[in-house]
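Visitor: target_5.cif is the file, holding mmCIF, C-alpha atoms:
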```cif
data_target
#
loop_
_atom_site.label_atom_id
_atom_site.label_comp_id
_atom_site.auth_asym_id
_atom_site.auth_seq_id
_atom_site.Cartn_x
_atom_site.Cartn_y
_atom_site.Cartn_z
CA MET A 6 63.69 131.27 126.16
CA GLY A 7 66.71 128.99 125.81
CA ILE A 8 69.01 128.94 122.82
CA LEU A 9 68.08 125.34 122.00
CA ALA A 10 64.40 126.21 121.84
CA ARG A 11 65.14 129.10 119.51
CA ILE A 12 67.24 126.86 117.23
CA LEU A 13 64.42 124.35 117.03
CA GLY A 14 62.20 127.06 115.62
CA THR A 15 60.04 128.21 118.51
CA ASP A 16 61.49 131.70 118.22
CA THR A 17 62.06 132.78 114.63
CA GLN A 18 62.40 136.54 115.12
CA ALA A 19 65.71 137.73 113.70
CA PRO A 20 67.65 140.72 115.01
CA ASP A 21 67.47 144.00 113.14
CA LEU A 22 70.25 143.96 110.55
CA SER A 23 69.14 147.05 108.66
CA ASN A 24 72.04 149.17 109.92
CA ASP A 25 74.75 146.56 109.43
CA THR A 26 77.61 147.81 107.32
CA ASP A 27 78.10 144.64 105.30
CA LEU A 28 75.30 142.15 104.78
CA SER A 29 77.16 140.76 101.79
CA ALA A 30 79.76 139.16 104.07
CA ARG A 31 78.02 135.80 103.95
CA SER A 32 80.58 133.12 104.66
CA TRP A 33 81.39 131.77 101.19
CA ALA A 34 77.75 130.74 100.78
CA THR A 35 77.37 127.91 98.30
CA THR A 36 75.24 124.89 97.60
CA PHE A 37 76.91 121.76 96.27
CA PRO A 38 75.54 121.25 92.74
CA ALA A 39 73.93 117.95 91.88
CA THR A 40 76.17 117.62 88.85
CA LEU A 41 79.43 119.51 89.11
CA THR A 42 80.24 119.48 85.43
CA SER A 43 76.87 120.91 84.44
CA ALA A 44 77.27 123.77 86.92
CA ILE A 45 80.73 124.82 85.73
CA PRO A 46 80.53 127.84 83.43
CA ALA A 47 82.32 127.98 80.10
CA THR A 48 84.82 130.45 81.54
CA TYR A 49 85.69 130.32 85.22
CA GLY A 50 87.49 133.25 86.81
CA ALA A 51 85.70 134.45 89.95
CA ALA A 52 83.22 131.54 89.84
CA VAL A 53 85.59 129.36 91.85
CA ARG A 54 85.87 132.00 94.59
CA SER A 55 82.12 132.54 94.85
CA GLN A 56 81.33 128.81 94.60
CA PRO A 57 84.29 126.91 96.07
CA ASP A 58 82.61 123.53 95.56
CA LEU A 59 83.18 123.95 91.81
CA ALA A 60 86.89 123.50 92.50
CA LEU A 61 86.25 119.84 93.37
CA ALA A 62 85.88 119.17 89.64
CA ALA A 63 89.68 119.47 89.53
CA PRO A 64 91.01 116.03 90.54
CA THR A 65 94.05 117.57 92.25
CA VAL A 66 91.84 119.74 94.48
CA TRP A 67 89.73 116.74 95.43
CA ALA A 68 92.74 114.50 96.09
CA ALA A 69 94.68 117.10 98.10
CA SER A 70 91.65 118.11 100.19
CA ARG A 71 90.73 114.53 100.91
CA MET A 72 94.32 113.60 101.82
CA VAL A 73 94.72 116.48 104.29
CA ALA A 74 91.25 116.10 105.85
CA ALA A 75 91.63 112.33 106.22
CA SER A 76 95.03 112.78 107.86
CA VAL A 77 93.65 115.30 110.35
CA SER A 78 90.67 113.13 111.30
CA SER A 79 92.81 110.00 111.68
CA MET A 80 95.15 111.53 114.26
CA SER A 81 94.42 111.52 117.97
CA TRP A 82 94.50 114.65 120.09
CA VAL A 83 94.95 115.02 123.82
CA ALA A 84 94.96 117.67 126.50
CA LYS A 85 98.36 118.10 128.15
CA ASP A 86 99.48 119.96 131.23
CA ARG A 87 101.06 123.21 130.09
CA ARG A 88 103.86 123.04 132.66
CA THR A 89 104.83 119.36 132.65
CA ARG A 90 103.72 118.53 129.08
CA VAL A 91 102.23 115.31 130.48
CA THR A 92 98.91 114.03 129.15
CA VAL A 93 96.19 114.70 131.72
CA ALA A 94 94.40 111.68 133.15
CA ASN A 95 90.84 112.95 132.71
CA GLN A 96 90.50 114.17 129.15
CA PRO A 97 87.90 116.93 128.57
CA ALA A 98 84.59 115.71 127.18
CA ILE A 99 84.79 118.13 124.25
CA LEU A 100 87.91 116.31 123.03
CA ARG A 101 86.52 112.81 123.47
CA GLN A 102 83.46 113.56 121.33
CA PRO A 103 82.91 117.19 120.31
CA ASP A 104 79.61 116.44 118.58
CA PRO A 105 77.46 113.96 120.55
CA PHE A 106 75.62 112.98 117.39
CA GLN A 107 78.63 111.63 115.48
CA PRO A 108 82.12 110.19 116.04
CA ARG A 109 85.04 112.50 116.77
CA GLU A 110 86.69 111.57 113.46
CA VAL A 111 83.66 112.72 111.48
CA THR A 112 83.56 116.07 113.29
CA LEU A 113 87.26 116.75 112.63
CA ASN A 114 86.85 115.69 109.01
CA GLN A 115 83.95 118.12 108.50
CA LEU A 116 85.81 121.04 110.07
CA ALA A 117 88.94 120.28 108.03
CA TRP A 118 87.00 120.05 104.75
CA ALA A 119 85.29 123.40 105.42
CA MET A 120 88.61 125.13 106.11
CA LEU A 121 90.29 123.61 103.06
CA LEU A 122 87.46 124.30 100.65
CA ARG A 123 85.96 127.53 101.98
CA GLY A 124 88.79 128.95 104.04
CA GLU A 125 86.93 128.73 107.33
CA ALA A 126 84.66 126.57 109.47
CA PHE A 127 82.10 127.24 112.19
CA ALA A 128 80.91 125.21 115.17
CA TRP A 129 78.09 125.84 117.62
CA LEU A 130 79.30 125.73 121.24
CA THR A 131 76.83 124.60 123.87
CA ALA A 132 76.23 122.43 126.96
CA PRO A 133 78.51 124.36 129.35
CA ASP A 134 79.90 122.58 132.40
CA ARG A 135 79.91 123.92 135.97
CA SER A 136 82.78 126.27 135.14
CA GLY A 137 80.94 127.64 132.12
CA ARG A 138 83.14 125.99 129.49
CA PRO A 139 81.28 124.45 126.51
CA THR A 140 81.43 120.66 126.33
CA VAL A 141 79.88 120.33 122.87
CA ALA A 142 81.05 121.72 119.51
CA ILE A 143 78.74 120.93 116.60
CA PRO A 144 79.83 121.93 113.06
CA VAL A 145 77.33 124.20 111.31
CA PRO A 146 77.04 124.98 107.58
CA ASN A 147 79.03 128.00 106.47
CA ASP A 148 76.13 129.48 104.55
CA GLU A 149 74.07 129.70 107.75
CA VAL A 150 76.52 132.09 109.42
CA PHE A 151 76.64 135.81 108.64
CA VAL A 152 79.81 137.67 109.63
CA THR A 153 79.59 141.46 109.67
CA TRP A 154 81.07 144.37 111.62
CA ASN A 155 79.19 145.68 114.61
CA ARG A 156 77.69 149.16 114.45
CA GLU A 157 80.85 150.72 115.83
CA GLU A 158 82.94 148.67 113.37
CA THR A 159 85.24 147.67 116.19
CA ARG A 160 84.75 143.90 116.16
CA PRO A 161 83.06 141.20 114.08
CA ARG A 162 79.44 140.36 114.66
CA TYR A 163 78.21 136.80 114.16
CA VAL A 164 74.59 135.94 113.34
CA TRP A 165 73.47 132.32 113.06
CA ARG A 166 69.89 131.42 112.23
CA GLY A 167 68.73 134.86 113.25
CA MET A 168 70.58 134.88 116.59
CA ASP A 169 73.54 136.96 117.66
CA MET A 170 76.36 134.64 118.72
CA THR A 171 79.26 135.41 121.03
CA LEU A 172 82.59 134.23 119.66
CA GLY A 173 84.23 131.68 121.94
CA VAL A 174 81.06 131.26 123.99
CA ASP A 175 78.31 130.31 121.51
CA LEU A 176 80.30 129.99 118.30
CA MET A 177 83.73 128.86 117.16
CA HIS A 178 85.29 130.42 114.06
CA LEU A 179 88.17 128.46 112.55
CA LYS A 180 90.17 130.24 109.83
CA TYR A 181 92.57 128.31 107.61
CA GLN A 182 94.58 131.50 107.23
CA ASP A 183 93.81 134.74 109.05
CA LEU A 184 95.08 137.67 106.99
CA GLY A 185 95.00 139.99 109.96
CA PRO A 186 92.85 142.87 111.27
CA GLY A 187 90.20 144.06 108.87
CA TYR A 188 89.52 140.64 107.35
CA LEU A 189 86.27 139.04 108.49
CA HIS A 190 86.82 135.74 106.72
CA GLY A 191 89.54 133.17 106.51
CA VAL A 192 91.30 132.34 103.27
CA GLY A 193 92.01 128.79 102.17
CA PRO A 194 93.84 127.23 99.24
CA VAL A 195 90.81 127.49 96.94
CA GLN A 196 90.39 131.22 97.52
CA ALA A 197 94.13 131.88 97.31
CA ILE A 198 94.72 130.14 93.98
CA ALA A 199 91.30 130.37 92.35
CA GLY A 200 93.03 131.53 89.15
CA SER A 201 95.20 128.40 88.94
CA ILE A 202 92.20 126.18 89.65
CA ALA A 203 90.25 127.97 86.93
CA GLY A 204 93.21 127.48 84.56
CA TYR A 205 93.27 123.76 85.35
CA LEU A 206 89.52 123.42 84.76
CA ASN A 207 89.76 125.31 81.46
CA ALA A 208 92.67 123.14 80.30
CA ASP A 209 90.81 120.03 81.40
CA ARG A 210 87.70 121.07 79.48
CA LEU A 211 89.70 121.84 76.36
CA THR A 212 91.57 118.53 76.61
CA SER A 213 88.33 116.61 77.05
CA THR A 214 86.79 118.38 74.07
CA GLN A 215 89.85 117.64 71.95
CA PHE A 216 89.80 113.93 72.73
CA THR A 217 86.03 113.44 72.54
CA GLU A 218 84.93 115.84 69.81
CA GLY A 219 88.08 116.69 67.86
CA ALA A 220 89.48 114.84 64.84
CA TRP A 221 91.70 112.12 66.27
CA VAL A 222 93.22 109.22 64.35
CA ASP A 223 95.80 106.65 65.43
CA GLY A 224 97.56 106.31 62.11
CA VAL A 225 97.48 106.62 58.34
CA LEU A 226 97.71 103.91 55.65
CA GLU A 227 99.51 105.18 52.55
CA ALA A 228 99.31 103.43 49.14
CA PRO A 229 101.75 104.03 46.24
CA ASN A 230 98.86 104.44 43.80
CA LYS A 231 95.61 106.34 44.04
CA LEU A 232 92.75 104.29 45.50
CA THR A 233 89.11 104.51 44.70
CA ALA A 234 86.68 105.26 47.50
CA THR A 235 85.62 101.61 47.60
CA GLU A 236 89.22 100.36 47.77
CA ALA A 237 90.11 102.84 50.49
CA THR A 238 87.09 101.82 52.57
CA ARG A 239 87.88 98.13 52.14
CA LEU A 240 91.53 98.65 53.10
CA ARG A 241 90.62 100.61 56.22
CA THR A 242 88.03 98.03 57.27
CA GLN A 243 90.48 95.17 56.81
CA TRP A 244 93.12 97.00 58.85
CA ASP A 245 90.74 97.82 61.69
CA ASP A 246 89.37 94.27 61.79
CA ALA A 247 92.86 92.80 61.96
CA HIS A 248 94.65 95.24 64.22
CA ALA A 249 92.28 97.58 66.10
CA GLY A 250 92.72 97.06 69.84
CA ARG A 251 95.39 94.39 69.33
CA ARG A 252 99.16 94.19 69.61
CA GLY A 253 101.24 92.25 67.11
CA THR A 254 103.15 92.41 63.83
CA ALA A 255 101.41 93.64 60.71
CA VAL A 256 102.26 92.40 57.22
CA LEU A 257 101.58 94.91 54.42
CA GLU A 258 101.57 94.19 50.70
CA GLY A 259 101.42 96.18 47.48
CA GLY A 260 103.66 98.99 48.75
CA ILE A 261 101.20 100.03 51.46
CA THR A 262 102.82 101.63 54.51
CA TYR A 263 101.47 102.54 57.95
CA LYS A 264 102.46 105.77 59.70
CA PRO A 265 101.31 106.41 63.28
CA VAL A 266 100.00 109.87 64.04
CA MET A 267 101.91 111.50 66.89
CA MET A 268 100.43 114.00 69.34
CA SER A 269 100.67 117.54 68.04
CA ASN A 270 102.67 120.19 69.83
CA SER A 271 99.50 122.04 70.81
CA ASP A 272 97.99 118.90 72.32
CA ALA A 273 101.19 118.17 74.24
CA GLN A 274 101.30 121.75 75.54
CA LEU A 275 97.71 121.41 76.70
CA LEU A 276 98.61 118.36 78.76
CA GLU A 277 101.67 120.16 80.10
CA ALA A 278 99.44 123.05 81.15
CA ARG A 279 97.23 120.67 83.14
CA THR A 280 100.32 119.26 84.87
CA TYR A 281 101.59 122.76 85.63
CA TYR A 282 98.31 123.86 87.20
CA ALA A 283 98.03 120.59 89.13
CA THR A 284 101.50 121.17 90.58
CA GLU A 285 100.54 124.72 91.59
CA ILE A 286 97.43 123.39 93.35
CA ALA A 287 99.49 120.78 95.20
CA ARG A 288 101.95 123.48 96.30
CA ALA A 289 99.14 125.67 97.66
CA TYR A 290 97.80 122.73 99.68
CA GLY A 291 101.26 121.89 101.00
CA VAL A 292 101.04 118.37 99.58
CA PRO A 293 104.26 117.05 97.98
CA ALA A 294 103.76 116.28 94.30
CA PRO A 295 104.62 112.54 94.50
CA LEU A 296 101.80 111.94 96.98
CA LEU A 297 99.36 113.12 94.29
CA GLY A 298 100.97 111.18 91.46
CA LEU A 299 102.62 114.27 89.98
CA PRO A 300 106.21 114.34 88.68
CA MET A 301 108.91 115.39 91.14
CA GLY A 302 110.97 117.21 88.55
CA GLU A 303 114.03 116.41 86.54
CA GLY A 304 116.68 114.41 88.31
CA SER A 305 114.39 113.46 91.21
CA SER A 306 112.74 110.16 92.03
CA LEU A 307 110.76 108.71 94.92
CA THR A 308 112.92 106.38 97.02
CA TYR A 309 112.78 104.91 100.51
CA SER A 310 115.44 107.39 101.62
CA ASN A 311 113.44 110.50 100.72
CA LEU A 312 109.97 109.10 101.49
CA ALA A 313 110.36 110.03 105.17
CA ASP A 314 111.27 113.60 104.16
CA ILE A 315 108.22 113.78 101.90
CA LYS A 316 105.94 112.60 104.70
CA ALA A 317 107.49 115.17 107.04
CA GLN A 318 106.88 117.94 104.48
CA PHE A 319 103.27 116.85 104.10
CA ALA A 320 102.78 116.88 107.87
CA GLN A 321 104.36 120.32 108.28
CA PHE A 322 102.97 122.18 105.28
CA GLY A 323 99.80 120.25 104.45
CA VAL A 324 98.34 119.04 107.74
CA GLN A 325 99.75 121.39 110.36
CA PRO A 326 97.98 124.57 109.13
CA VAL A 327 94.68 122.83 109.90
CA THR A 328 95.72 121.19 113.18
CA ASP A 329 97.30 124.42 114.47
CA MET A 330 93.98 126.23 114.17
CA LEU A 331 92.06 123.35 115.75
CA GLU A 332 94.54 123.22 118.62
CA ALA A 333 94.35 126.96 119.23
CA GLN A 334 90.55 127.14 119.20
CA PHE A 335 89.89 124.00 121.27
CA THR A 336 92.58 124.98 123.80
CA ARG A 337 90.33 127.93 124.66
CA LEU A 338 87.63 125.44 125.71
CA VAL A 339 89.71 123.40 128.17
CA PRO A 340 91.05 124.47 131.61
CA SER A 341 93.66 127.21 131.44
CA THR A 342 96.32 124.86 132.82
CA GLN A 343 95.91 122.59 129.80
CA GLU A 344 96.50 122.78 126.06
CA VAL A 345 95.27 120.64 123.17
CA VAL A 346 97.90 118.84 121.11
CA PHE A 347 97.57 116.64 118.02
CA GLN A 348 99.77 113.55 118.04
CA PHE A 349 101.59 113.23 114.70
CA GLY A 350 103.18 109.86 115.49
CA SER A 351 100.82 107.84 113.31
CA LEU A 352 101.24 110.24 110.37
CA LEU A 353 105.05 110.24 110.55
CA ARG A 354 105.31 106.51 111.26
CA ALA A 355 108.50 105.16 109.69
CA ASP A 356 109.12 101.63 108.39
CA ILE A 357 109.57 98.87 110.96
CA SER A 358 113.35 98.65 110.55
CA THR A 359 113.81 102.36 111.20
CA ARG A 360 111.41 102.36 114.15
CA PHE A 361 113.10 99.47 115.91
CA SER A 362 116.52 101.02 115.37
CA VAL A 363 115.30 104.27 116.98
CA TYR A 364 113.74 102.35 119.88
CA ASP A 365 117.01 100.53 120.49
CA LYS A 366 118.96 103.79 120.65
CA ALA A 367 116.35 105.42 122.90
CA LEU A 368 116.33 102.44 125.28
CA ASN A 369 120.10 102.38 125.54
CA ALA A 370 120.23 106.13 126.13
CA GLY A 371 117.67 105.90 128.92
CA ILE A 372 115.13 108.03 127.02
CA LEU A 373 112.41 105.38 126.74
CA THR A 374 111.37 102.39 128.79
CA ARG A 375 110.41 99.10 127.19
CA ASN A 376 106.73 99.67 127.94
CA GLU A 377 106.84 103.12 126.38
CA ALA A 378 108.33 101.65 123.22
CA ARG A 379 105.73 98.86 123.24
CA GLU A 380 102.94 101.41 123.63
CA MET A 381 104.15 103.20 120.49
CA GLU A 382 103.80 99.89 118.63
CA GLY A 383 100.34 99.22 120.07
CA LEU A 384 101.59 96.36 122.25
CA PRO A 385 100.53 95.65 125.86
CA ALA A 386 102.82 96.46 128.76
CA VAL A 387 104.98 93.76 130.34
CA VAL A 388 106.06 93.23 133.93
CA GLY A 389 109.23 95.15 134.69
CA GLY A 390 108.95 97.14 131.48
CA ASP A 391 108.76 100.50 133.23
CA GLU A 392 112.39 100.36 134.31
CA PHE A 393 115.12 102.03 132.27
CA THR A 394 117.08 98.97 131.15
CA PRO A 395 119.59 99.30 128.29
CA THR A 396 119.12 96.58 125.69
CA ASN A 397 122.87 96.05 125.39
CA ALA A 398 123.37 95.62 129.16
CA THR A 399 125.29 92.46 129.93
CA GLN A 400 126.13 90.70 133.14
CA GLU A 401 129.34 91.83 134.85
CA PRO A 402 132.13 89.39 133.98
CA ALA A 403 133.25 87.22 136.87
CA GLN A 404 136.66 87.95 138.44
CA ASP A 405 139.39 85.56 137.31
CA GLU A 406 140.01 82.99 140.03
CA PRO A 407 143.66 82.55 141.10
CA GLN A 408 145.34 79.52 139.52
CA PRO A 409 146.88 76.88 141.83
CA SER A 410 150.65 76.69 142.06
CA PRO A 411 152.49 73.62 140.64
CA ALA A 412 153.01 72.27 144.18
CA GLN A 413 149.33 72.62 145.00
CA GLN A 414 148.38 71.00 141.71
CA ALA A 415 150.75 68.05 142.45
CA GLN A 416 149.05 67.52 145.80
CA VAL A 417 145.66 67.48 144.16
CA ASN A 418 146.82 64.95 141.58
CA ALA A 419 148.29 62.78 144.33
#
```
Is it possible to give me this structure as structure tokens?
Guide:
Amino acid sequence: MGILARILGTDTQAPDLSNDTDLSARSWATTFPATLTSAIPATYGAAVRSQPDLALAAPTVWAASRMVAASVSSMSWVAKDRRTRVTVANQPAILRQPDPFQPREVTLNQLAWAMLLRGEAFAWLTAPDRSGRPTVAIPVPNDEVFVTWNREETRPRYVWRGMDMTLGVDLMHLKYQDLGPGYLHGVGPVQAIAGSIAGYLNADRLTSTQFTEGAWVDGVLEAPNKLTATEATRLRTQWDDAHAGRRGTAVLEGGITYKPVMMSNSDAQLLEARTYYATEIARAYGVPAPLLGLPMGEGSSLTYSNLADIKAQFAQFGVQPVTDMLEAQFTRLVPSTQEVVFQFGSLLRADISTRFSVYDKALNAGILTRNEAREMEGLPAVVGGDEFTPTNATQEPAQDEPQPSPAQQAQVNA
């Protein structure tokens, strides 16, 4: 019976797992709670590791994961010849649309999210071509895949929906970070810094409780003489009616003064703790702090001059860990003379002035043709644009013609 028939449920008999050494190695099994906040325990700790989706309650985790996954899915990838590094004419079908049921961008986004949140992702490989290479890679839920050691404990064993799967043939296993031999599962940012994420969520909960349930006043009205309860209530009501939610100048009479209540040191430290944990989360994701709205540090500011460096850091430390794994695993599915490469041009795209300056230098140096530069800008090719023509090339100056002698000039005038 074929594997597709078994997946559709016509064969539900599972293999005997009674002698497996580790049935607890379920791949970060978790179900996304309907309401995140209601599922978060009062104290966190290991809860984030066992249920990575809880980490999404931290805005920095959500923002960093979304930024990296969106960047990965927005980039194009191509198969190139290993020797010449030239893009092959006929791109493999598995790169054009890995999952036939959804766009390529959605598939890459799903795989990236799984690696970022759970440290690993899985895809079912099927529909082999004449050479036996899979042409389809469909992402599968992590909690459907069991990873254990085989009976000899010499290699991992993969079981999906009751079927033994062969790695690289039936199943793809993408690890955000492989810690080496002996580790069945990949480790992602959430697993690596679960303590910092738990600290952020605890600080966030305490801050929310302080602002919503704690005693919090904007200011105090002080009178030189003791007021009765009725007078105090009337004074407060008059002040709130005149000034609550408004900006302007207040006029006080009878020696009454207004003193604003400043944030206490403990409240300020609580906010500083949230910022500290948020910065630690950003660092683990490889996302520069300014891209997440976090402070850069004393003496630093975001300018046009360092924006390109920040984008380069994000590409190298935030996006590349995910694309490197995707490139390595999908390269195994294309002909051996080819390799899969993500194109970072769109992610590292500079401002128009910088781009055109670089194009001008590349054209003059004979590195690019005009059509190659136009292709980078999404413009159509032009006739004659495939020739290496320097932009500063000028026509050879004409040779100075000899001037007539005075006698010859006199004859002309005569």
Visitor: Grab the atom CA of Asp183 of chain A to atom CA of Pro326 of chain A distance for me, in Å with one decimal place.
Guide: 11.0 Å
Visitor: I'd like to see the residues matched by the PyMOL selection byres ((chain A and resi 73-77) around 9) on this file, and ideally I'd get them as a PyMOL selection string.
Guide: chain A and resi 68-72+78-81+110+113-118+121+290+292+319-320+323-325+327-328+347+352
Visitor: Step by step, work through what the PyMOL selection byres ((chain A and resi 264) around 6) selects in the shown file, and finish by giving those residues as a PyMOL selection string.
Guide: chain A and resi 224-225+263+265
Visitor: I would like the residues chosen by the PyMOL selection byres ((chain A and resi 368) around 12) on the shown file; could you give them as number ranges by chain?
Guide: A: 361-367, 369-379, 390-398
Visitor: Here is a test: counting all atoms listed in the file, which residue of A:Thr238, A:Gln321, A:Asn147, A:Thr280 is nearest to Met301 of chain A?
Guide: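 For Met301 of chain A, the nearest of the given residues is A:Thr280.
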Visitor: Calculate how many Å separate atom CA of Thr112 of chain A from atom CA of Gln96 of chain A, rounding to one decimal.
Guide: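 Calculated distance between atom CA of Thr112 of chain A and atom CA of Gln96 of chain A is 17.4 Å.
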Visitor: From the list A:Asn230, A:Ser55, A:Ser358, A:Thr131, which residue is nearest Leu172 of chain A when using only C-alpha atoms?
Guide: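 With only C-alpha atoms as the atom set, the closest residue is A:Thr131.
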Visitor: To one decimal place in Å, what is the distance between atom CA of Gln107 of chain A and atom CA of Met120 of chain A?
Guide: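 Interatomic distance, atom CA of Gln107 of chain A to atom CA of Met120 of chain A: 19.2 Å.
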Visitor: Contacts of Pro293 of chain A at 7 Å or less, counting all atoms listed in the file, minus same-chain residues fewer than 3 places along, as a list in words?
Guide: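 Near neighbours after the sequence-gap exclusion: Ala287, Leu296, Ile315 and Phe319 of chain A.
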Visitor: Give me, as an MDAnalysis selection string, all polymer residues having an atom no more than 10 Å from Trp165 of chain A, counting all atoms listed in the file and skipping those fewer than 2 positions away in the same chain.
Guide: chainID A and resid 12 19 129 145:152 163 167:170 175:176
Visitor: Nearest to Ser351 of chain A among A:Trp82, A:Glu332, A:Tyr188, A:Trp154, with distances taken over all atoms listed in the file: which residue is it?
Guide: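 Ranking A:Trp82, A:Glu332, A:Tyr188, A:Trp154 by distance to Ser351 of chain A, first place goes to A:Trp82.
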Visitor: Would you pick out the contacts of His178 of chain A at 10 Å or less, using only C-alpha atoms, so that residues sharing its chain but fewer than 6 positions from it are not included, and give the list as a list in words?
Guide: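 Non-adjacent residues within range: Glu125, Ala126, Phe127, Ala128, Trp129, Tyr163, Leu172, His190, Gly191, Met330, Leu331 and Gln334 of chain A.
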Visitor: Looking at A:Pro103, A:Gly389, A:Pro229, A:Gly193, which one is nearest to Leu122 of chain A, with distances taken over only C-alpha atoms?
Guide: A:Gly193
Visitor: Closest to Pro97 of chain A among A:Val66, A:Val83, A:Ile202, A:Leu276, using only C-alpha atoms?
Guide: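 Ranking A:Val66, A:Val83, A:Ile202, A:Leu276 by distance to Pro97 of chain A, first place goes to A:Val83.
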